[in-house]
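Enquirer: Got a structure for you, upload_37.csv, holding CSV, C-alpha atoms.
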chain,number,residue,atom,x,y,z
A,1,MET,CA,181.7,46.3,272.7
A,2,GLY,CA,183.5,48.5,270.3
A,3,THR,CA,183.6,52.2,269.7
A,4,PRO,CA,183.3,54.0,266.3
A,5,GLU,CA,187.1,54.5,266.1
A,6,GLN,CA,188.3,51.3,267.8
A,7,SER,CA,190.7,48.9,266.0
A,8,THR,CA,192.0,45.5,266.8
A,9,ALA,CA,194.9,45.0,269.2
A,10,GLY,CA,198.1,43.1,268.7
A,11,GLY,CA,201.1,43.3,266.4
A,12,PRO,CA,201.1,45.2,263.1
A,13,ALA,CA,200.4,42.0,261.1
A,14,ALA,CA,197.5,41.1,263.3
A,15,ARG,CA,196.1,44.6,263.2
A,16,TRP,CA,196.4,44.7,259.4
A,17,ALA,CA,194.7,41.3,259.0
A,18,GLY,CA,192.0,42.4,261.4
A,19,ARG,CA,191.3,45.6,259.5
A,20,VAL,CA,191.1,43.8,256.2
A,21,GLY,CA,188.7,41.2,257.7
A,22,GLY,CA,186.7,44.0,259.3
A,23,LEU,CA,186.4,45.9,256.0
A,24,ALA,CA,185.4,42.7,254.2
A,25,GLY,CA,182.7,42.1,256.8
A,26,SER,CA,181.5,45.7,256.7
A,27,CYS,CA,180.8,45.9,253.0
A,28,HIS,CA,177.8,43.5,253.2
A,29,PRO,CA,179.7,40.8,251.3
A,30,GLY,CA,176.7,38.7,250.5
A,31,PRO,CA,174.7,41.3,248.5
A,32,VAL,CA,178.0,42.6,247.0
A,33,VAL,CA,179.0,39.2,245.6
A,34,ALA,CA,175.5,38.3,244.5
A,35,VAL,CA,174.9,41.5,242.6
A,36,THR,CA,178.4,41.5,241.0
A,37,VAL,CA,178.2,37.9,239.9
A,38,LEU,CA,174.6,38.4,238.5
A,39,MET,CA,175.5,41.5,236.5
A,40,THR,CA,178.7,39.9,235.2
A,41,ALA,CA,176.7,36.8,234.1
A,42,LEU,CA,174.1,39.0,232.5
A,43,ALA,CA,176.8,40.8,230.6
A,44,VAL,CA,178.0,37.4,229.3
A,45,THR,CA,174.5,36.3,228.2
A,46,ALA,CA,173.8,39.7,226.7
A,47,GLY,CA,176.8,39.3,224.4
A,48,GLN,CA,179.4,41.7,225.8
A,49,SER,CA,183.1,40.9,225.0
A,50,ALA,CA,185.3,39.2,227.6
A,51,ALA,CA,187.1,42.4,228.3
A,52,ARG,CA,183.9,44.4,228.7
A,53,CYS,CA,182.4,41.7,231.0
A,54,VAL,CA,185.4,42.2,233.3
A,55,LEU,CA,185.0,45.9,233.1
A,56,THR,CA,181.3,45.7,233.8
A,57,GLY,CA,181.9,43.4,236.8
A,58,ALA,CA,184.6,45.7,238.2
A,59,ALA,CA,182.3,48.8,237.9
A,60,VAL,CA,179.5,47.0,239.6
A,61,LEU,CA,181.8,45.6,242.3
A,62,THR,CA,183.2,49.0,243.3
A,63,GLY,CA,179.8,50.6,243.3
A,64,GLN,CA,178.4,47.9,245.5
A,65,LEU,CA,181.4,48.1,247.9
A,66,SER,CA,181.0,51.8,248.2
A,67,VAL,CA,177.3,51.4,249.1
A,68,GLY,CA,177.9,48.7,251.6
A,69,TRP,CA,180.7,50.5,253.4
A,70,CYS,CA,178.7,53.7,253.4
A,71,ASN,CA,175.8,51.9,255.0
A,72,ASP,CA,177.9,50.4,257.9
A,73,ALA,CA,179.8,53.6,258.5
A,74,PHE,CA,176.7,55.8,258.6
A,75,ASP,CA,174.9,53.4,260.9
A,76,ALA,CA,177.8,52.8,263.2
A,77,ARG,CA,176.7,54.8,266.2
A,78,ARG,CA,173.1,53.5,266.1
A,79,ASP,CA,174.4,49.9,265.7
A,80,ILE,CA,176.7,50.4,268.7
A,81,ALA,CA,173.9,51.8,270.7
A,82,ALA,CA,171.6,48.9,269.8
A,83,CYS,CA,174.4,46.4,270.6
A,84,ARG,CA,174.1,44.7,267.1
A,85,ARG,CA,176.6,41.9,267.3
A,86,GLY,CA,178.3,40.6,264.2
A,87,LYS,CA,179.0,44.2,262.9
A,88,PRO,CA,182.8,44.7,262.6
A,89,VAL,CA,182.5,48.4,263.6
A,90,VAL,CA,180.4,47.4,266.7
A,91,ASP,CA,182.8,44.6,267.6
A,92,GLY,CA,185.7,47.0,267.3
A,93,THR,CA,187.4,45.0,264.4
A,94,VAL,CA,187.6,48.1,262.3
A,95,GLY,CA,187.2,51.9,262.9
A,96,VAL,CA,184.4,53.9,261.4
A,97,THR,CA,186.9,56.3,259.8
A,98,GLU,CA,188.5,53.4,258.0
A,99,VAL,CA,185.2,52.3,256.6
A,100,TRP,CA,184.4,55.8,255.4
A,101,VAL,CA,187.7,56.0,253.6
A,102,ALA,CA,187.1,52.6,252.0
A,103,ALA,CA,183.6,53.8,250.9
A,104,TYR,CA,184.9,56.9,249.3
A,105,ALA,CA,187.9,55.1,247.7
A,106,ALA,CA,185.5,52.5,246.1
A,107,LEU,CA,183.2,55.3,244.9
A,108,VAL,CA,186.2,57.2,243.3
A,109,LEU,CA,187.2,54.0,241.5
A,110,CYS,CA,183.6,53.3,240.4
A,111,VAL,CA,183.5,56.6,238.4
A,112,PRO,CA,186.1,55.9,235.7
A,113,LEU,CA,185.2,52.2,235.6
A,114,SER,CA,181.6,53.0,234.9
A,115,PHE,CA,182.4,55.6,232.2
A,116,ALA,CA,184.8,53.2,230.5
A,117,CYS,CA,181.7,51.3,229.6
A,118,GLY,CA,180.3,54.3,227.7
A,119,LEU,CA,179.0,57.7,228.6
A,120,TRP,CA,175.3,56.8,229.0
A,121,ALA,CA,176.2,53.5,230.6
A,122,GLY,CA,178.4,55.2,233.1
A,123,ALA,CA,175.8,57.9,233.8
A,124,VAL,CA,173.0,55.3,234.4
A,125,HIS,CA,175.2,53.2,236.7
A,126,LEU,CA,176.4,56.1,238.7
A,127,ALA,CA,172.8,57.4,239.1
A,128,GLY,CA,172.0,54.0,240.6
A,129,VAL,CA,175.0,54.2,243.0
A,130,ALA,CA,174.0,57.8,243.9
A,131,ALA,CA,170.5,56.6,244.7
A,132,ALA,CA,171.9,53.8,247.0
A,133,TRP,CA,174.0,56.4,248.8
A,134,ALA,CA,170.9,58.6,249.2
A,135,TYR,CA,169.2,55.6,250.8
A,136,ASP,CA,172.0,55.1,253.2
A,137,LEU,CA,172.4,58.7,254.2
A,138,ARG,CA,168.8,59.9,254.3
A,139,LEU,CA,166.0,58.0,252.6
A,140,LYS,CA,166.3,54.7,254.6
A,141,ALA,CA,164.1,56.2,257.4
A,142,THR,CA,161.5,57.8,255.1
A,143,ALA,CA,158.4,56.7,253.2
A,144,TRP,CA,160.5,56.9,250.0
A,145,SER,CA,163.0,54.2,251.1
A,146,TRP,CA,161.7,52.0,248.3
A,147,ALA,CA,162.7,54.5,245.5
A,148,PRO,CA,166.5,54.0,245.7
A,149,TYR,CA,166.1,50.3,245.4
A,150,ALA,CA,163.8,50.7,242.4
A,151,VAL,CA,166.2,53.1,240.7
A,152,GLY,CA,169.3,51.1,241.5
A,153,PHE,CA,168.0,47.7,240.4
A,154,ALA,CA,166.5,49.2,237.3
A,155,GLY,CA,169.8,50.8,236.5
A,156,LEU,CA,171.9,47.7,236.7
A,157,PRO,CA,170.5,45.8,233.6
A,158,ALA,CA,170.3,49.1,231.8
A,159,PHE,CA,174.0,49.6,232.5
A,160,VAL,CA,174.7,46.2,231.0
A,161,ALA,CA,172.6,46.9,227.9
A,162,LEU,CA,174.2,50.3,227.3
A,163,GLY,CA,177.6,48.7,227.5
A,164,LEU,CA,176.9,46.5,224.5
A,165,PRO,CA,178.4,47.5,221.1
A,166,GLY,CA,176.6,50.5,219.7
A,167,HIS,CA,175.4,51.4,223.2
A,168,PRO,CA,171.7,50.4,222.6
A,169,TRP,CA,169.0,51.5,224.9
A,170,PRO,CA,167.7,48.8,227.3
A,171,ALA,CA,164.3,47.1,226.6
A,172,TRP,CA,161.5,48.5,228.7
A,173,TRP,CA,160.7,45.2,230.3
A,174,VAL,CA,164.2,44.6,231.7
A,175,VAL,CA,164.2,48.0,233.3
A,176,THR,CA,160.7,47.4,234.7
A,177,ALA,CA,161.6,44.0,236.0
A,178,GLY,CA,164.7,45.4,237.6
A,179,ALA,CA,162.7,48.0,239.4
A,180,LEU,CA,160.2,45.5,240.7
A,181,LEU,CA,163.0,43.2,241.9
A,182,GLY,CA,164.5,46.2,243.7
A,183,VAL,CA,161.2,46.9,245.6
A,184,GLY,CA,160.9,43.2,246.5
A,185,SER,CA,164.6,43.1,247.6
A,186,HIS,CA,163.9,46.1,249.9
A,187,LEU,CA,161.0,44.4,251.5
A,188,GLY,CA,163.0,41.2,251.9
A,189,ASP,CA,166.0,43.0,253.4
A,190,VAL,CA,163.9,44.7,256.0
A,191,LEU,CA,161.5,41.9,257.0
A,192,PRO,CA,163.9,39.8,259.1
A,193,ASP,CA,164.9,42.8,261.2
A,194,ILE,CA,161.7,44.9,261.0
A,195,ARG,CA,160.8,44.6,264.7
A,196,GLY,CA,164.2,45.5,265.9
A,197,ASP,CA,164.3,48.5,263.5
A,198,LEU,CA,160.9,49.7,264.8
A,199,ALA,CA,162.2,49.5,268.3
A,200,THR,CA,165.1,51.8,267.4
A,201,GLY,CA,162.9,54.3,265.6
A,202,VAL,CA,163.5,53.4,262.0
A,203,ARG,CA,160.5,54.4,259.9
A,204,GLY,CA,161.1,53.4,256.3
A,205,TRP,CA,158.4,52.4,253.9
A,206,PRO,CA,158.2,48.7,255.0
A,207,HIS,CA,158.2,49.7,258.7
A,208,ARG,CA,155.2,51.9,258.1
A,209,LEU,CA,153.4,48.9,256.6
A,210,GLY,CA,154.2,46.9,259.8
A,211,PRO,CA,155.5,43.3,260.0
A,212,ASP,CA,152.3,41.8,258.7
A,213,GLY,CA,151.8,44.3,255.9
A,214,ALA,CA,155.4,43.9,254.7
A,215,ARG,CA,155.1,40.1,254.8
A,216,LEU,CA,151.9,40.1,252.7
A,217,LEU,CA,153.3,42.6,250.2
A,218,LEU,CA,156.7,41.0,249.8
A,219,PRO,CA,155.8,38.5,247.0
A,220,VAL,CA,153.8,41.0,245.0
A,221,PRO,CA,156.6,42.9,243.2
A,222,LEU,CA,158.6,39.6,242.8
A,223,VAL,CA,155.8,37.8,241.1
A,224,ALA,CA,155.1,41.0,239.0
A,225,ALA,CA,158.7,40.8,237.9
A,226,SER,CA,158.2,37.2,236.8
A,227,VAL,CA,155.2,38.3,234.7
A,228,VAL,CA,157.2,41.1,233.1
A,229,LEU,CA,160.2,38.9,232.4
A,230,VAL,CA,158.0,36.2,230.8
A,231,LEU,CA,155.5,38.3,228.9
A,232,GLY,CA,157.5,41.4,228.2
A,233,PRO,CA,159.9,40.2,225.5
A,234,ALA,CA,158.6,39.9,221.9
A,235,GLY,CA,157.1,36.6,221.0
A,236,PRO,CA,155.0,34.0,222.8
A,237,PRO,CA,156.2,33.0,226.3
A,238,GLY,CA,156.3,29.3,225.4
A,239,ARG,CA,155.6,26.4,227.8
A,240,TRP,CA,158.6,27.0,230.0
A,241,GLY,CA,157.5,30.7,230.4
A,242,THR,CA,154.0,29.6,231.4
A,243,ALA,CA,155.4,27.0,233.7
A,244,ALA,CA,157.7,29.6,235.4
A,245,LEU,CA,154.7,31.9,236.0
A,246,VAL,CA,152.6,29.1,237.5
A,247,VAL,CA,155.5,27.9,239.8
A,248,THR,CA,156.4,31.3,241.1
A,249,ALA,CA,152.7,32.2,241.7
A,250,LEU,CA,152.2,28.9,243.6
A,251,ILE,CA,155.4,29.4,245.7
A,252,ALA,CA,154.4,33.0,246.5
A,253,ALA,CA,150.8,31.9,247.5
A,254,VAL,CA,152.1,29.1,249.7
A,255,GLY,CA,154.6,31.4,251.4
A,256,THR,CA,151.9,34.0,252.0
A,257,VAL,CA,149.4,31.6,253.5
A,258,LEU,CA,151.8,29.6,255.7
A,259,GLY,CA,153.9,32.7,256.5
A,260,ARG,CA,151.1,33.9,258.8
A,261,ARG,CA,152.3,31.2,261.2
A,262,TRP,CA,155.9,30.7,260.2
A,263,GLU,CA,157.3,34.1,259.1
A,264,ARG,CA,160.6,32.6,257.9
A,265,LEU,CA,158.7,30.5,255.4
A,266,ALA,CA,157.3,33.7,253.8
A,267,PHE,CA,160.8,35.0,253.5
A,268,ALA,CA,162.1,31.7,252.1
A,269,ALA,CA,159.3,31.6,249.5
A,270,ALA,CA,160.2,35.2,248.5
A,271,VAL,CA,163.8,34.2,248.1
A,272,ALA,CA,162.8,31.3,245.9
A,273,VAL,CA,160.7,33.5,243.6
A,274,ALA,CA,163.6,36.0,243.4
A,275,VAL,CA,165.9,33.2,242.4
A,276,ALA,CA,163.5,32.2,239.7
A,277,ASP,CA,163.4,35.8,238.5
A,278,VAL,CA,167.2,36.0,238.3
A,279,ALA,CA,167.1,32.8,236.2
A,280,LEU,CA,164.5,34.3,233.9
A,281,LEU,CA,166.6,37.5,233.6
A,282,LEU,CA,169.7,35.5,232.6
A,283,VAL,CA,167.7,33.4,230.1
A,284,ARG,CA,166.3,36.6,228.5
A,285,GLY,CA,169.7,38.2,228.5
A,286,THR,CA,170.2,38.2,224.8
A,287,GLY,CA,167.1,40.4,224.3
A,288,ILE,CA,167.7,43.1,227.0
A,289,ALA,CA,168.5,45.7,224.3
Reformat the file's structure so that it appears as structure tokens.
Expert:
Amino acid sequence: MGTPEQSTAGGPAARWAGRVGGLAGSCHPGPVVAVTVLMTALAVTAGQSAARCVLTGAAVLTGQLSVGWCNDAFDARRDIAACRRGKPVVDGTVGVTEVWVAAYAALVLCVPLSFACGLWAGAVHLAGVAAAWAYDLRLKATAWSWAPYAVGFAGLPAFVALGLPGHPWPAWWVVTAGALLGVGSHLGDVLPDIRGDLATGVRGWPHRLGPDGARLLLPVPLVAASVVLVLGPAGPPGRWGTAALVVTALIAAVGTVLGRRWERLAFAAAVAVAVADVALLLVRGTGIA
């Protein structure tokens, strides 16, 4: 069991490698990589230049890193008390001070990278990052825990749109779909650990719904995002759009029904719908502004 300030033992090289590995594990690498890759791909499909795509990706990466490290550093004492294995700070791989330093360093880098994409683009992106920090530091345990997810996810495609030549305002439907995806992501993030969180006194919005309520609500914002992504842009949805709506609705319905007995199936169905939403977002990328 680690302590908040414990570091790995061994020689300098081993300690350095351990800290680097611990920091990599503390940033929540899965979501960091997924969001960065998605927003970079959206920048490509939206028509940003190669240099601007790299800049957009770098801004998103530093923002996501700062949020992930802030989350682990702030939750370190509670995670240690709950004996949550697999957390680098809990295992003693890296100290909490080092994680805080990394979080603030990434946040400092995120500011000029965001504003390099344009004044309004930078302001929107940093507002989303600020909302995510607010979630980590305060809102996670309140009934408003969904709001930072909605703001942050809505801001990401808006950031990409505002970074296009001429800095056009994002289309309403891409911002709305982003917010819905954010709410769905919040429910999906919480659901696997909701019982353990309740045992440690966490009382965010999904926790107040309870495990069954969160499971039943999980597919709703995700399917709603599918509807917005298909019907929101100008013009008829076409056969592929109608097919996408039918498929996502069926997957969500099956996951909801069978999830009563197999909870993991409900989560898997929600992930499948979210993947379909991401695909729809990228296909619609040329019309986000």
Enquirer: Find the residues around stretch 201-212 of chain A up to 7 Å (all atoms listed in the file counted), leave out those fewer than 3 positions away in its own chain, and share them as a count of residues only.
Expert: 14
Enquirer: Under the rule that only C-alpha atoms are counted, which of A:Ala51, A:Val183, A:Leu42, A:Leu229 is the nearest residue to A:Ala214?
Expert: A:Val183
Enquirer: List the neighbours of A:Ala59 out to 7 Å using only C-alpha atoms; skip same-chain residues closer than 3 positions along the sequence, and give me the result as an mmCIF file with C-alpha atoms, keeping the file's coordinate frame.
Expert:
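So the final result, stored in out-v9.cif, reads:
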data_model
loop_
_atom_site.group_PDB
_atom_site.id
_atom_site.type_symbol
_atom_site.label_atom_id
_atom_site.label_comp_id
_atom_site.auth_asym_id
_atom_site.auth_seq_id
_atom_site.Cartn_x
_atom_site.Cartn_y
_atom_site.Cartn_z
ATOM 1 C CA LEU A 55 185.000 45.900 233.100
ATOM 2 C CA THR A 56 181.300 45.700 233.800
ATOM 3 C CA THR A 62 183.200 49.000 243.300
ATOM 4 C CA GLY A 63 179.800 50.600 243.300
ATOM 5 C CA CYS A 110 183.600 53.300 240.400
ATOM 6 C CA LEU A 113 185.200 52.200 235.600
ATOM 7 C CA SER A 114 181.600 53.000 234.900
#
Enquirer: Pick from A:Val96, A:Val124, A:Ala253, A:Gly287: nearest to A:Gly235, with only C-alpha atoms counted?
Expert: A:Gly287
Enquirer: Excluding stretch 24-39 of chain A and any residue of its chain fewer than 5 positions from it, enumerate the residues within 7 Å of it, using only C-alpha atoms, and give them as a compact mmCIF listing (two decimals) with C-alpha atoms, in the coordinates of the input.
Expert:
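Printed below is out.txt as written:
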# COMPACT_ATOMS: atom_id res chain seq x y z
CA GLY A 57 181.90 43.40 236.80
CA VAL A 60 179.50 47.00 239.60
CA LEU A 61 181.80 45.60 242.30
CA GLN A 64 178.40 47.90 245.50
CA LEU A 65 181.40 48.10 247.90
CA GLY A 68 177.90 48.70 251.60
CA TRP A 69 180.70 50.50 253.40
CA ASP A 72 177.90 50.40 257.90
CA LYS A 87 179.00 44.20 262.90
CA PRO A 88 182.80 44.70 262.60
Enquirer: Enter the distance from atom CA of A:Ala58 to atom CA of A:Thr40, in Å, rounded to one decimal.
Expert: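 We find that atom CA of A:Ala58 and atom CA of A:Thr40 lie 8.8 Å from each other.
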Enquirer: Measure the distance from atom CA of A:Leu281 to atom CA of A:Thr45 in Å and round it to one decimal.
Expert: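 Distance reported for this atom pair: 9.6 Å.
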Enquirer: Mind giving me the straight-line distance from atom CA of A:Thr242 to atom CA of A:Ser226 in Å, one decimal?
Expert: 10.2 Å
Enquirer: Excluding stretch 272-280 of chain A and any residue of its chain fewer than 6 positions from it, enumerate the residues within 8 Å of it, using all atoms listed in the file, and give them as a PyMOL selection string.
Expert: chain A and resi 38+181+219+222-223+225-226+229-230+244+248+251-252
Enquirer: Leaving out A:Val254 and any residue of its chain fewer than 2 positions from it, which residues lie within 12 Å of it when counting only C-alpha atoms, given as a list in words?
Expert: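 Counting only the stated atoms, we get Leu216, Pro219, Val247, Thr248, Ala249, Leu250, Ile251, Ala252, Thr256, Val257, Leu258, Gly259, Arg260, Arg261, Trp262, Glu263, Leu265, Ala266, Phe267, Ala268, Ala269, Ala270, Ala272 and Val273 of chain A.
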Enquirer: Kindly indicate which residue among A:Val220, A:Val101, A:Ala199, A:Ala161 lies nearest to A:Cys53, using only C-alpha atoms for the distances.
Expert: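 Comparing A:Val220, A:Val101, A:Ala199, A:Ala161 against A:Cys53, the winner is A:Ala161.
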Enquirer: Using only C-alpha atoms, what table do you get, as CSV, when you list each residue of stretch 106-136 of chain A with an atom no more than 12 Å from stretch 169-180 of chain A, its nearest pair of atoms, and their distance in Å rounded to one decimal, rows by chain then rising number?
Expert:
residue,atom,partner,partner_atom,distance
A:Gly118,CA,A:Trp169,CA,12.0
A:Trp120,CA,A:Trp169,CA,9.2
A:Ala121,CA,A:Trp169,CA,9.4
A:Val124,CA,A:Trp169,CA,11.0
A:Gly128,CA,A:Ala179,CA,11.1
Enquirer: Generate the output file for the selected residues, C-alpha atoms, as a short mmCIF file (atom, residue, chain, number, x, y, z; two decimals), in the coordinates of the input.
Expert:
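The result, written out as selection_26.cif:
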data_model
loop_
_atom_site.label_atom_id
_atom_site.label_comp_id
_atom_site.auth_asym_id
_atom_site.auth_seq_id
_atom_site.Cartn_x
_atom_site.Cartn_y
_atom_site.Cartn_z
CA GLY A 118 180.30 54.30 227.70
CA TRP A 120 175.30 56.80 229.00
CA ALA A 121 176.20 53.50 230.60
CA VAL A 124 173.00 55.30 234.40
CA GLY A 128 172.00 54.00 240.60
#
Enquirer: With distances taken over all atoms listed in the file, which of A:Ala243, A:Ala289, A:Arg77, A:Thr93 is nearest to A:Gly166?
Expert: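 The closest residue to A:Gly166 is A:Ala289.
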Enquirer: Here's a test: counting all atoms listed in the file, identify every protein, DNA and RNA residue with an atom at most 9 Å from (169.5, 49.9, 239.9) in the file's coordinate frame, and state them as a PDB file with C-alpha atoms, in the coordinates of the input.
Expert:
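Saved the output as out20.pdb:
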ATOM      1  CA  VAL A 124     173.000  55.300 234.400  1.00  0.00           C
ATOM      2  CA  HIS A 125     175.200  53.200 236.700  1.00  0.00           C
ATOM      3  CA  ALA A 127     172.800  57.400 239.100  1.00  0.00           C
ATOM      4  CA  GLY A 128     172.000  54.000 240.600  1.00  0.00           C
ATOM      5  CA  VAL A 129     175.000  54.200 243.000  1.00  0.00           C
ATOM      6  CA  ALA A 131     170.500  56.600 244.700  1.00  0.00           C
ATOM      7  CA  ALA A 132     171.900  53.800 247.000  1.00  0.00           C
ATOM      8  CA  PRO A 148     166.500  54.000 245.700  1.00  0.00           C
ATOM      9  CA  TYR A 149     166.100  50.300 245.400  1.00  0.00           C
ATOM     10  CA  ALA A 150     163.800  50.700 242.400  1.00  0.00           C
ATOM     11  CA  VAL A 151     166.200  53.100 240.700  1.00  0.00           C
ATOM     12  CA  GLY A 152     169.300  51.100 241.500  1.00  0.00           C
ATOM     13  CA  PHE A 153     168.000  47.700 240.400  1.00  0.00           C
ATOM     14  CA  ALA A 154     166.500  49.200 237.300  1.00  0.00           C
ATOM     15  CA  GLY A 155     169.800  50.800 236.500  1.00  0.00           C
ATOM     16  CA  LEU A 156     171.900  47.700 236.700  1.00  0.00           C
ATOM     17  CA  PRO A 157     170.500  45.800 233.600  1.00  0.00           C
ATOM     18  CA  ALA A 158     170.300  49.100 231.800  1.00  0.00           C
ATOM     19  CA  PHE A 159     174.000  49.600 232.500  1.00  0.00           C
ATOM     20  CA  VAL A 175     164.200  48.000 233.300  1.00  0.00           C
ATOM     21  CA  GLY A 178     164.700  45.400 237.600  1.00  0.00           C
ATOM     22  CA  ALA A 179     162.700  48.000 239.400  1.00  0.00           C
ATOM     23  CA  GLY A 182     164.500  46.200 243.700  1.00  0.00           C
TER      24      GLY A 182
END
Enquirer: My list of candidates is A:Ala234, A:Ala46, A:Cys70, A:Ile288. Which is closest to A:Arg138 when distances are computed with only C-alpha atoms?
Expert: A:Cys70
